[in-house]
$ cat upload25.cif   # mmCIF, C-alpha atoms
data_target
#
loop_
_atom_site.label_atom_id
_atom_site.label_comp_id
_atom_site.auth_asym_id
_atom_site.auth_seq_id
_atom_site.Cartn_x
_atom_site.Cartn_y
_atom_site.Cartn_z
CA MET G 69 93.40 57.83 -93.57
CA GLU G 70 93.99 54.29 -92.35
CA ARG G 71 96.71 53.36 -89.92
CA ALA G 72 97.92 50.22 -88.15
CA ASN G 73 98.24 49.73 -84.39
CA LEU G 74 95.40 52.05 -83.44
CA LYS G 75 94.05 52.22 -79.92
CA ILE G 76 91.37 54.10 -78.01
CA SER G 77 90.72 54.24 -74.29
CA VAL G 78 87.10 54.22 -73.13
CA GLY G 79 86.14 55.26 -69.63
CA HIS G 80 82.85 53.82 -68.36
CA LEU G 81 81.59 56.17 -65.67
CA TYR G 82 79.83 54.60 -62.68
CA PRO G 83 78.50 51.39 -64.23
CA LYS G 84 77.53 49.99 -60.81
CA GLN G 85 75.09 52.86 -60.25
CA LEU G 86 73.90 53.75 -63.75
CA ASN G 87 73.22 50.47 -65.49
CA LEU G 88 69.52 50.30 -66.39
CA TYR G 89 67.88 49.23 -69.64
CA GLY G 90 70.80 47.29 -71.09
CA ASP G 91 73.04 50.30 -71.59
CA MET G 92 76.11 48.06 -71.23
CA GLY G 93 75.27 47.06 -74.80
CA ASN G 94 76.69 50.41 -75.88
CA ILE G 95 80.11 49.52 -74.47
CA ILE G 96 79.96 46.07 -76.07
CA THR G 97 79.14 47.63 -79.43
CA LEU G 98 82.05 50.06 -79.26
CA LYS G 99 84.37 47.25 -78.21
CA LYS G 100 83.35 44.84 -80.97
CA ARG G 101 83.35 47.47 -83.71
CA CYS G 102 86.87 48.41 -82.72
CA GLU G 103 88.07 44.81 -82.48
CA TRP G 104 86.60 43.93 -85.88
CA ARG G 105 88.87 46.64 -87.28
CA SER G 106 91.92 45.61 -85.21
CA ILE G 107 91.66 48.78 -83.11
CA GLU G 108 92.80 48.08 -79.55
CA PHE G 109 90.03 48.83 -77.04
CA ASP G 110 91.29 49.89 -73.61
CA TYR G 111 88.31 49.66 -71.24
CA LYS G 112 88.43 51.49 -67.91
CA GLU G 113 85.68 51.04 -65.30
CA ILE G 114 85.42 54.21 -63.23
CA ASN G 115 83.70 53.95 -59.84
CA LEU G 116 82.51 56.50 -57.29
CA GLU G 117 85.74 56.54 -55.32
CA ASP G 118 88.03 56.77 -58.38
CA VAL G 119 89.87 59.74 -59.78
CA ILE G 120 88.71 59.93 -63.39
CA PRO G 121 91.65 59.15 -65.72
CA ALA G 122 92.20 60.79 -69.10
CA CYS G 123 90.44 58.81 -71.83
CA ASP G 124 89.59 59.25 -75.50
CA LEU G 125 85.89 58.53 -74.95
CA TYR G 126 83.68 58.48 -71.86
CA PHE G 127 80.35 56.68 -71.54
CA ILE G 128 77.73 57.00 -68.82
CA GLY G 129 74.41 55.19 -68.70
CA GLY G 130 70.99 55.66 -67.15
CA GLY G 131 69.75 55.04 -63.63
CA GLN G 132 67.17 55.98 -61.03
CA ASP G 133 67.10 59.21 -59.03
CA LYS G 134 68.57 57.51 -55.96
CA GLU G 135 71.68 56.41 -57.85
CA GLN G 136 71.96 59.78 -59.58
CA ILE G 137 72.46 61.49 -56.21
CA ASP G 138 75.72 59.63 -55.53
CA VAL G 139 76.91 59.99 -59.11
CA SER G 140 76.15 63.71 -59.13
CA LYS G 141 78.35 64.26 -56.08
CA ALA G 142 81.21 62.17 -57.47
CA MET G 143 81.16 63.82 -60.88
CA TYR G 144 80.81 67.36 -59.56
CA CYS G 145 84.02 66.97 -57.54
CA GLN G 146 85.82 66.41 -60.86
CA LYS G 147 83.89 68.94 -62.94
CA ASP G 148 86.92 71.05 -63.86
CA PHE G 149 88.79 68.04 -65.21
CA LEU G 150 85.81 66.90 -67.27
CA LEU G 151 85.38 70.38 -68.74
CA GLU G 152 89.07 70.39 -69.70
CA GLN G 153 88.62 67.03 -71.38
CA ARG G 154 85.60 68.32 -73.30
CA ASP G 155 87.48 71.38 -74.51
CA GLU G 156 90.39 69.20 -75.67
CA GLY G 157 88.02 67.27 -77.95
CA THR G 158 87.39 64.17 -75.85
CA VAL G 159 84.23 62.29 -76.83
CA PHE G 160 81.40 61.89 -74.32
CA LEU G 161 78.20 59.86 -74.64
CA GLY G 162 75.55 60.11 -71.92
CA ILE G 163 72.28 58.15 -71.80
CA CYS G 164 69.18 59.28 -69.88
CA GLY G 165 70.23 59.91 -66.26
CA GLY G 166 73.85 60.30 -67.29
CA TYR G 167 72.78 62.71 -70.03
CA GLN G 168 70.90 64.81 -67.47
CA LEU G 169 74.06 65.14 -65.35
CA PHE G 170 75.99 66.40 -68.40
CA GLY G 171 73.86 69.54 -68.07
CA HIS G 172 73.81 72.15 -65.32
CA TYR G 173 71.38 70.37 -63.02
CA TYR G 174 68.48 67.95 -62.58
CA GLN G 175 65.67 69.09 -60.30
CA PRO G 176 63.57 66.16 -59.03
CA PHE G 177 60.04 66.60 -57.67
CA GLU G 178 61.29 66.09 -54.15
CA GLY G 179 64.71 66.71 -52.69
CA GLU G 180 67.63 68.90 -53.55
CA LYS G 181 68.73 69.90 -57.01
CA LEU G 182 71.36 67.51 -58.39
CA LEU G 183 74.25 69.49 -59.81
CA GLY G 184 75.62 68.45 -63.17
CA VAL G 185 79.01 69.13 -64.71
CA SER G 186 77.87 71.59 -67.42
CA LEU G 187 79.41 69.76 -70.36
CA LEU G 188 76.19 70.77 -72.10
CA ASP G 189 74.33 74.07 -71.73
CA ALA G 190 71.13 72.35 -70.64
CA TYR G 191 69.03 71.67 -67.57
CA THR G 192 66.41 69.09 -66.56
CA VAL G 193 63.36 69.29 -64.32
CA ALA G 194 61.03 66.49 -63.26
CA GLY G 195 57.83 66.27 -65.28
CA LYS G 196 54.42 64.91 -64.31
CA LYS G 197 54.20 62.49 -67.25
CA ARG G 198 56.49 59.57 -67.99
CA PHE G 199 57.54 59.20 -71.62
CA ILE G 200 57.79 55.52 -72.57
CA GLY G 201 58.07 54.02 -76.03
CA ASN G 202 59.96 53.69 -79.28
CA VAL G 203 61.58 56.77 -80.76
CA THR G 204 62.61 57.60 -84.28
CA ALA G 205 64.58 60.80 -84.72
CA GLU G 206 66.33 62.45 -87.65
CA SER G 207 69.84 63.90 -87.41
CA ASP G 208 71.65 66.29 -89.74
CA PHE G 209 75.12 64.73 -89.47
CA LEU G 210 74.69 60.97 -89.92
CA VAL G 211 74.11 58.68 -92.92
CA PRO G 212 71.50 57.28 -92.74
CA ASN G 213 70.03 60.22 -90.87
CA THR G 214 67.67 58.23 -88.64
CA LEU G 215 68.32 57.23 -85.04
CA VAL G 216 66.14 54.73 -83.20
CA GLY G 217 65.81 53.70 -79.58
CA PHE G 218 63.50 53.38 -76.59
CA GLU G 219 62.79 56.23 -74.16
CA ASN G 220 61.71 55.82 -70.55
CA HIS G 221 61.97 59.07 -68.60
CA SER G 222 59.95 61.73 -66.81
CA GLY G 223 62.68 64.36 -66.78
CA LEU G 224 62.17 67.32 -69.10
CA THR G 225 65.41 68.58 -70.63
CA TYR G 226 65.83 72.01 -72.19
CA LEU G 227 68.79 73.08 -74.34
CA GLN G 228 70.32 76.54 -74.45
CA ASN G 229 72.66 78.61 -76.63
CA ASP G 230 75.35 76.59 -78.49
CA THR G 231 74.08 73.21 -77.31
CA LYS G 232 72.03 71.80 -80.18
CA PRO G 233 69.71 68.77 -80.45
CA LEU G 234 71.24 65.46 -81.39
CA ALA G 235 68.19 64.92 -83.62
CA PHE G 236 64.50 65.76 -83.97
CA VAL G 237 61.80 63.21 -83.21
CA THR G 238 59.33 61.98 -85.80
CA VAL G 239 58.03 59.31 -83.42
CA GLY G 240 58.20 59.68 -79.64
CA ASN G 241 58.61 62.56 -77.20
CA GLY G 242 62.31 63.37 -77.04
CA ASN G 243 63.77 65.83 -74.56
CA ASN G 244 60.60 67.42 -73.25
CA GLY G 245 57.60 66.43 -75.37
CA ASN G 246 57.17 69.93 -76.76
CA ASP G 247 59.94 71.13 -79.07
CA LYS G 248 60.62 67.84 -80.92
CA SER G 249 64.29 67.89 -79.90
CA GLU G 250 65.97 64.63 -78.90
CA GLY G 251 69.25 64.54 -77.07
CA ALA G 252 71.98 67.15 -77.31
CA ARG G 253 75.40 67.77 -78.79
CA TYR G 254 78.11 70.32 -78.15
CA LYS G 255 81.68 69.89 -79.41
CA ASN G 256 82.23 66.12 -79.01
CA VAL G 257 79.71 65.73 -76.19
CA PHE G 258 76.55 63.77 -76.99
CA GLY G 259 73.56 63.09 -74.78
CA THR G 260 70.32 61.24 -75.48
CA TYR G 261 67.29 59.61 -73.90
CA LEU G 262 67.55 56.66 -76.30
CA HIS G 263 68.03 53.30 -74.66
CA GLY G 264 67.43 50.17 -76.60
CA SER G 265 70.48 49.91 -76.53
CA LEU G 266 71.36 52.94 -78.61
CA LEU G 267 74.55 51.87 -80.40
CA PRO G 268 73.66 48.27 -81.36
CA LYS G 269 70.68 49.61 -83.32
CA ASN G 270 72.58 52.62 -84.65
CA PRO G 271 75.97 51.38 -85.87
CA HIS G 272 76.49 54.55 -87.90
CA LEU G 273 76.46 56.58 -84.67
CA ALA G 274 78.84 54.11 -83.01
CA ASP G 275 81.29 54.50 -85.89
CA TYR G 276 80.96 58.27 -85.80
CA LEU G 277 81.97 58.28 -82.11
CA ILE G 278 84.88 55.91 -82.74
CA SER G 279 86.12 58.13 -85.57
CA LEU G 280 85.94 61.22 -83.37
CA ALA G 281 87.87 59.46 -80.60
CA LEU G 282 90.60 58.39 -83.05
CA GLU G 283 90.83 61.88 -84.50
CA LYS G 284 91.17 63.36 -81.03
CA LYS G 285 93.88 60.88 -80.04
CA TYR G 286 95.96 60.96 -83.22
CA GLN G 287 95.13 64.46 -84.49
CA ASN G 288 94.23 63.08 -87.89
CA ARG G 289 91.08 62.22 -89.79
CA PHE G 290 90.26 58.53 -90.12
CA GLU G 291 88.11 56.62 -92.56
CA LEU G 292 87.02 53.47 -90.78
CA LYS G 293 87.06 50.13 -92.55
CA LYS G 294 83.54 49.23 -93.70
CA LEU G 295 81.81 46.41 -91.83
CA ASN G 296 78.95 44.17 -92.88
CA ASP G 297 76.10 45.79 -90.96
CA GLU G 298 73.24 43.92 -92.58
CA ILE G 299 72.00 42.52 -89.25
CA GLU G 300 72.46 45.80 -87.41
CA PHE G 301 70.54 47.83 -89.96
CA SER G 302 67.87 45.16 -90.16
CA ALA G 303 67.29 45.77 -86.45
CA HIS G 304 67.44 49.53 -87.03
CA ASN G 305 65.00 49.52 -89.94
CA SER G 306 62.57 47.20 -88.16
CA VAL G 307 61.63 49.96 -85.69
CA VAL G 308 61.96 53.09 -87.85
CA SER G 309 58.69 55.04 -87.61
CA LYS G 310 57.09 52.41 -85.35
CA ALA G 311 55.47 53.65 -82.18
CA TYR G 312 55.25 51.43 -79.11
#
$ encode --input "upload25.cif" --output "structure tokens"
Amino acid sequence: MERANLKISVGHLYPKQLNLYGDMGNIITLKKRCEWRSIEFDYKEINLEDVIPACDLYFIGGGQDKEQIDVSKAMYCQKDFLLEQRDEGTVFLGICGGYQLFGHYYQPFEGEKLLGVSLLDAYTVAGKKRFIGNVTAESDFLVPNTLVGFENHSGLTYLQNDTKPLAFVTVGNGNNGNDKSEGARYKNVFGTYLHGSLLPKNPHLADYLISLALEKKYQNRFELKKLNDEIEFSAHNSVVSKAY
């Protein structure tokens, strides 16, 4: 269904701490793809001292271990609220360090375990090898089914029970370098190690998230207006199956 006067609210969690590798490009992509369809985009920057407001979609980017410590503490204080939002169908997208904190915990080599908010049934431990390079992965819910991006992480993430991979790698290492899984999804929660940025190179995923956010807000299915994505898919296709 199409409808006039649509609006989604997007909460950007801790952009001052988790802002590596151009992940702000994901917010810009969501914003522009909404504006091109005359969907109002209500952007909310959420900082460490803020009470997290209700939103239709939350985004959190990647960062270093030092920044993750502060973010872990801030998020954990509001864990119950975030779990309620997840169970109500709110959309979440976490990249790299933010993705790790969507799970139960991240255990670095040194220091205390960083508690996550358990939006995903997953956990992460520090590995001895750093995974760096282009990734191509194949999903079972997108058209086209490929996702591309750039990974740069040493954390090893393992999924459990109803939390399923976002995709499976054909090029790159993915979650842990062993089981071919890349990222995670449960309900409307999505996590991934793909920088690059993710959404500019994968407009089909961006639109999927926008559609889910609209459906959550208006309790109706939406068919988004088609956009001319020739440039976006040219960028996407240029790195499909190409290792770094």
$ resolve_selection --input "upload25.cif" --expression "the PyMOL selection byres ((chain G and resi 192-204) around 10)" --output "PyMOL selection string"
chain G and resi 165+167-169+171-178+181-182+184+190-191+205-206+214-227+235-245+250+261-264+304+307-312
$ atom_distance --input "upload25.cif" --atom1 "CA of Val257 in chain G" --atom2 "CA of Gly131 in chain G"
19.3 Å
$ closest_atom_pairs --input "upload25.cif" --of "range 252-286 of chain G" --to "range 100-105 of chain G" --cutoff "9 Å" --atoms "all atoms listed in the file" --output "Markdown table"
| residue | atom | partner | partner_atom | distance |
| --- | --- | --- | --- | --- |
| G:Pro271 | CA | G:Arg101 | CA | 8.6 |
| G:Ala274 | CA | G:Arg101 | CA | 8.1 |
| G:Asp275 | CA | G:Arg101 | CA | 7.6 |
| G:Ile278 | CA | G:Cys102 | CA | 7.8 |
$ closest_residue --input "upload25.cif" --among "G:Cys164, G:Ala122, G:Val211, G:Met143" --to "Val185 in chain G" --atoms "all atoms listed in the file"
G:Met143
$ atom_distance --input "upload25.cif" --atom1 "CA of Val119 in chain G" --atom2 "CA of Gly166 in chain G"
17.7 Å
$ closest_residue --input "upload25.cif" --among "G:Phe290, G:Gln136, G:Glu298, G:Leu98" --to "Leu273 in chain G" --atoms "all atoms listed in the file"
G:Leu98
$ closest_residue --input "upload25.cif" --among "G:Tyr254, G:Phe170, G:Tyr276, G:Phe160" --to "Asp124 in chain G" --atoms "all atoms listed in the file"
G:Phe160
$ atom_distance --input "upload25.cif" --atom1 "CA of Glu152 in chain G" --atom2 "CA of Leu234 in chain G"
21.9 Å
$ axis_aligned_box --input "upload25.cif" --around "range 207-222 of chain G" --padding-each-side "5 Å" --output "lines of an AutoDock Vina configuration file"
center_x = 67.5
center_y = 59.8
center_z = -79.9
size_x = 25.2
size_y = 22.9
size_z = 36.1
$ closest_residue --input "upload25.cif" --among "G:Gly259, G:Pro268, G:Gly157, G:Gly179" --to "Gln287 in chain G" --atoms "only C-alpha atoms"
G:Gly157
$ closest_residue --input "upload25.cif" --among "G:Gly129, G:Gln85, G:Leu282, G:Asp148" --to "Leu266 in chain G" --atoms "only C-alpha atoms"
G:Gly129
$ resolve_selection --input "upload25.cif" --expression "the PyMOL selection byres ((chain G and resi 75) around 12)" --output "VMD selection string"
chain G and resid 71 to 74 76 to 78 99 102 to 103 105 to 111 123 to 125 278 to 279 281 to 286
$ decode --input "upload25.cif" --residues "range 143-177 of chain G" --atoms "N, CA and C atoms" --output "PDB file, in the first residue's frame"
ATOM      1  N   MET G 143      23.990   1.679  27.552  1.00  0.00           N
ATOM      2  CA  MET G 143      22.933   0.854  26.975  1.00  0.00           C
ATOM      3  C   MET G 143      22.362  -0.128  27.990  1.00  0.00           C
ATOM      4  N   TYR G 144      23.242  -0.712  28.798  1.00  0.00           N
ATOM      5  CA  TYR G 144      22.781  -1.743  29.733  1.00  0.00           C
ATOM      6  C   TYR G 144      21.792  -1.171  30.751  1.00  0.00           C
ATOM      7  N   CYS G 145      21.977   0.092  31.109  1.00  0.00           N
ATOM      8  CA  CYS G 145      21.038   0.737  32.039  1.00  0.00           C
ATOM      9  C   CYS G 145      19.625   0.830  31.461  1.00  0.00           C
ATOM     10  N   GLN G 146      19.517   0.742  30.128  1.00  0.00           N
ATOM     11  CA  GLN G 146      18.218   0.868  29.469  1.00  0.00           C
ATOM     12  C   GLN G 146      17.851  -0.406  28.706  1.00  0.00           C
ATOM     13  N   LYS G 147      18.425  -1.513  29.160  1.00  0.00           N
ATOM     14  CA  LYS G 147      18.228  -2.806  28.501  1.00  0.00           C
ATOM     15  C   LYS G 147      16.757  -3.184  28.427  1.00  0.00           C
ATOM     16  N   ASP G 148      16.030  -3.052  29.529  1.00  0.00           N
ATOM     17  CA  ASP G 148      14.626  -3.477  29.551  1.00  0.00           C
ATOM     18  C   ASP G 148      13.802  -2.719  28.522  1.00  0.00           C
ATOM     19  N   PHE G 149      14.051  -1.417  28.407  1.00  0.00           N
ATOM     20  CA  PHE G 149      13.323  -0.621  27.422  1.00  0.00           C
ATOM     21  C   PHE G 149      13.643  -1.083  26.010  1.00  0.00           C
ATOM     22  N   LEU G 150      14.911  -1.343  25.730  1.00  0.00           N
ATOM     23  CA  LEU G 150      15.300  -1.770  24.389  1.00  0.00           C
ATOM     24  C   LEU G 150      14.703  -3.134  24.048  1.00  0.00           C
ATOM     25  N   LEU G 151      14.635  -4.027  25.018  1.00  0.00           N
ATOM     26  CA  LEU G 151      14.010  -5.326  24.778  1.00  0.00           C
ATOM     27  C   LEU G 151      12.515  -5.175  24.501  1.00  0.00           C
ATOM     28  N   GLU G 152      11.868  -4.256  25.205  1.00  0.00           N
ATOM     29  CA  GLU G 152      10.452  -3.982  24.930  1.00  0.00           C
ATOM     30  C   GLU G 152      10.269  -3.456  23.515  1.00  0.00           C
ATOM     31  N   GLN G 153      11.144  -2.546  23.109  1.00  0.00           N
ATOM     32  CA  GLN G 153      11.071  -2.014  21.757  1.00  0.00           C
ATOM     33  C   GLN G 153      11.251  -3.126  20.722  1.00  0.00           C
ATOM     34  N   ARG G 154      12.228  -3.993  20.949  1.00  0.00           N
ATOM     35  CA  ARG G 154      12.435  -5.118  20.025  1.00  0.00           C
ATOM     36  C   ARG G 154      11.171  -5.962  19.897  1.00  0.00           C
ATOM     37  N   ASP G 155      10.562  -6.286  21.029  1.00  0.00           N
ATOM     38  CA  ASP G 155       9.413  -7.189  21.013  1.00  0.00           C
ATOM     39  C   ASP G 155       8.161  -6.532  20.446  1.00  0.00           C
ATOM     40  N   GLU G 156       8.172  -5.195  20.358  1.00  0.00           N
ATOM     41  CA  GLU G 156       7.066  -4.474  19.722  1.00  0.00           C
ATOM     42  C   GLU G 156       7.273  -4.326  18.216  1.00  0.00           C
ATOM     43  N   GLY G 157       8.406  -4.808  17.699  1.00  0.00           N
ATOM     44  CA  GLY G 157       8.648  -4.772  16.263  1.00  0.00           C
ATOM     45  C   GLY G 157       9.510  -3.633  15.790  1.00  0.00           C
ATOM     46  N   THR G 158      10.101  -2.875  16.708  1.00  0.00           N
ATOM     47  CA  THR G 158      11.004  -1.789  16.316  1.00  0.00           C
ATOM     48  C   THR G 158      12.201  -2.360  15.562  1.00  0.00           C
ATOM     49  N   VAL G 159      12.697  -1.593  14.601  1.00  0.00           N
ATOM     50  CA  VAL G 159      13.813  -2.026  13.761  1.00  0.00           C
ATOM     51  C   VAL G 159      15.129  -1.556  14.379  1.00  0.00           C
ATOM     52  N   PHE G 160      16.109  -2.441  14.422  1.00  0.00           N
ATOM     53  CA  PHE G 160      17.441  -2.123  14.924  1.00  0.00           C
ATOM     54  C   PHE G 160      18.466  -2.533  13.873  1.00  0.00           C
ATOM     55  N   LEU G 161      19.468  -1.677  13.665  1.00  0.00           N
ATOM     56  CA  LEU G 161      20.613  -2.029  12.826  1.00  0.00           C
ATOM     57  C   LEU G 161      21.884  -1.684  13.583  1.00  0.00           C
ATOM     58  N   GLY G 162      22.725  -2.700  13.832  1.00  0.00           N
ATOM     59  CA  GLY G 162      23.983  -2.498  14.531  1.00  0.00           C
ATOM     60  C   GLY G 162      25.149  -2.911  13.654  1.00  0.00           C
ATOM     61  N   ILE G 163      26.197  -2.086  13.629  1.00  0.00           N
ATOM     62  CA  ILE G 163      27.389  -2.346  12.836  1.00  0.00           C
ATOM     63  C   ILE G 163      28.568  -2.620  13.764  1.00  0.00           C
ATOM     64  N   CYS G 164      29.273  -3.708  13.542  1.00  0.00           N
ATOM     65  CA  CYS G 164      30.541  -4.022  14.184  1.00  0.00           C
ATOM     66  C   CYS G 164      30.455  -3.915  15.715  1.00  0.00           C
ATOM     67  N   GLY G 165      31.075  -2.924  16.329  1.00  0.00           N
ATOM     68  CA  GLY G 165      31.039  -2.803  17.775  1.00  0.00           C
ATOM     69  C   GLY G 165      29.632  -2.674  18.321  1.00  0.00           C
ATOM     70  N   GLY G 166      28.786  -1.931  17.625  1.00  0.00           N
ATOM     71  CA  GLY G 166      27.394  -1.828  18.039  1.00  0.00           C
ATOM     72  C   GLY G 166      26.671  -3.154  17.929  1.00  0.00           C
ATOM     73  N   TYR G 167      26.958  -3.889  16.873  1.00  0.00           N
ATOM     74  CA  TYR G 167      26.409  -5.234  16.683  1.00  0.00           C
ATOM     75  C   TYR G 167      26.798  -6.133  17.845  1.00  0.00           C
ATOM     76  N   GLN G 168      28.058  -6.091  18.255  1.00  0.00           N
ATOM     77  CA  GLN G 168      28.521  -6.924  19.368  1.00  0.00           C
ATOM     78  C   GLN G 168      27.723  -6.647  20.642  1.00  0.00           C
ATOM     79  N   LEU G 169      27.391  -5.380  20.881  1.00  0.00           N
ATOM     80  CA  LEU G 169      26.653  -5.023  22.096  1.00  0.00           C
ATOM     81  C   LEU G 169      25.167  -5.334  21.983  1.00  0.00           C
ATOM     82  N   PHE G 170      24.684  -5.707  20.812  1.00  0.00           N
ATOM     83  CA  PHE G 170      23.314  -6.227  20.679  1.00  0.00           C
ATOM     84  C   PHE G 170      23.216  -7.634  21.258  1.00  0.00           C
ATOM     85  N   GLY G 171      24.350  -8.321  21.395  1.00  0.00           N
ATOM     86  CA  GLY G 171      24.359  -9.660  21.964  1.00  0.00           C
ATOM     87  C   GLY G 171      24.451  -9.619  23.483  1.00  0.00           C
ATOM     88  N   HIS G 172      24.802 -10.769  24.070  1.00  0.00           N
ATOM     89  CA  HIS G 172      24.846 -10.864  25.532  1.00  0.00           C
ATOM     90  C   HIS G 172      26.084 -10.201  26.115  1.00  0.00           C
ATOM     91  N   TYR G 173      27.216 -10.331  25.411  1.00  0.00           N
ATOM     92  CA  TYR G 173      28.437  -9.722  25.935  1.00  0.00           C
ATOM     93  C   TYR G 173      29.529  -9.732  24.874  1.00  0.00           C
ATOM     94  N   TYR G 174      30.543  -8.887  25.118  1.00  0.00           N
ATOM     95  CA  TYR G 174      31.795  -8.908  24.362  1.00  0.00           C
ATOM     96  C   TYR G 174      32.922  -9.062  25.367  1.00  0.00           C
ATOM     97  N   GLN G 175      33.720 -10.096  25.212  1.00  0.00           N
ATOM     98  CA  GLN G 175      34.856 -10.331  26.104  1.00  0.00           C
ATOM     99  C   GLN G 175      36.156  -9.952  25.399  1.00  0.00           C
ATOM    100  N   PRO G 176      36.756  -8.812  25.767  1.00  0.00           N
ATOM    101  CA  PRO G 176      38.051  -8.446  25.169  1.00  0.00           C
ATOM    102  C   PRO G 176      39.166  -9.304  25.735  1.00  0.00           C
ATOM    103  N   PHE G 177      40.369  -9.208  25.114  1.00  0.00           N
ATOM    104  CA  PHE G 177      41.524  -9.948  25.606  1.00  0.00           C
ATOM    105  C   PHE G 177      41.858  -9.548  27.037  1.00  0.00           C
TER     106      PHE G 177
END
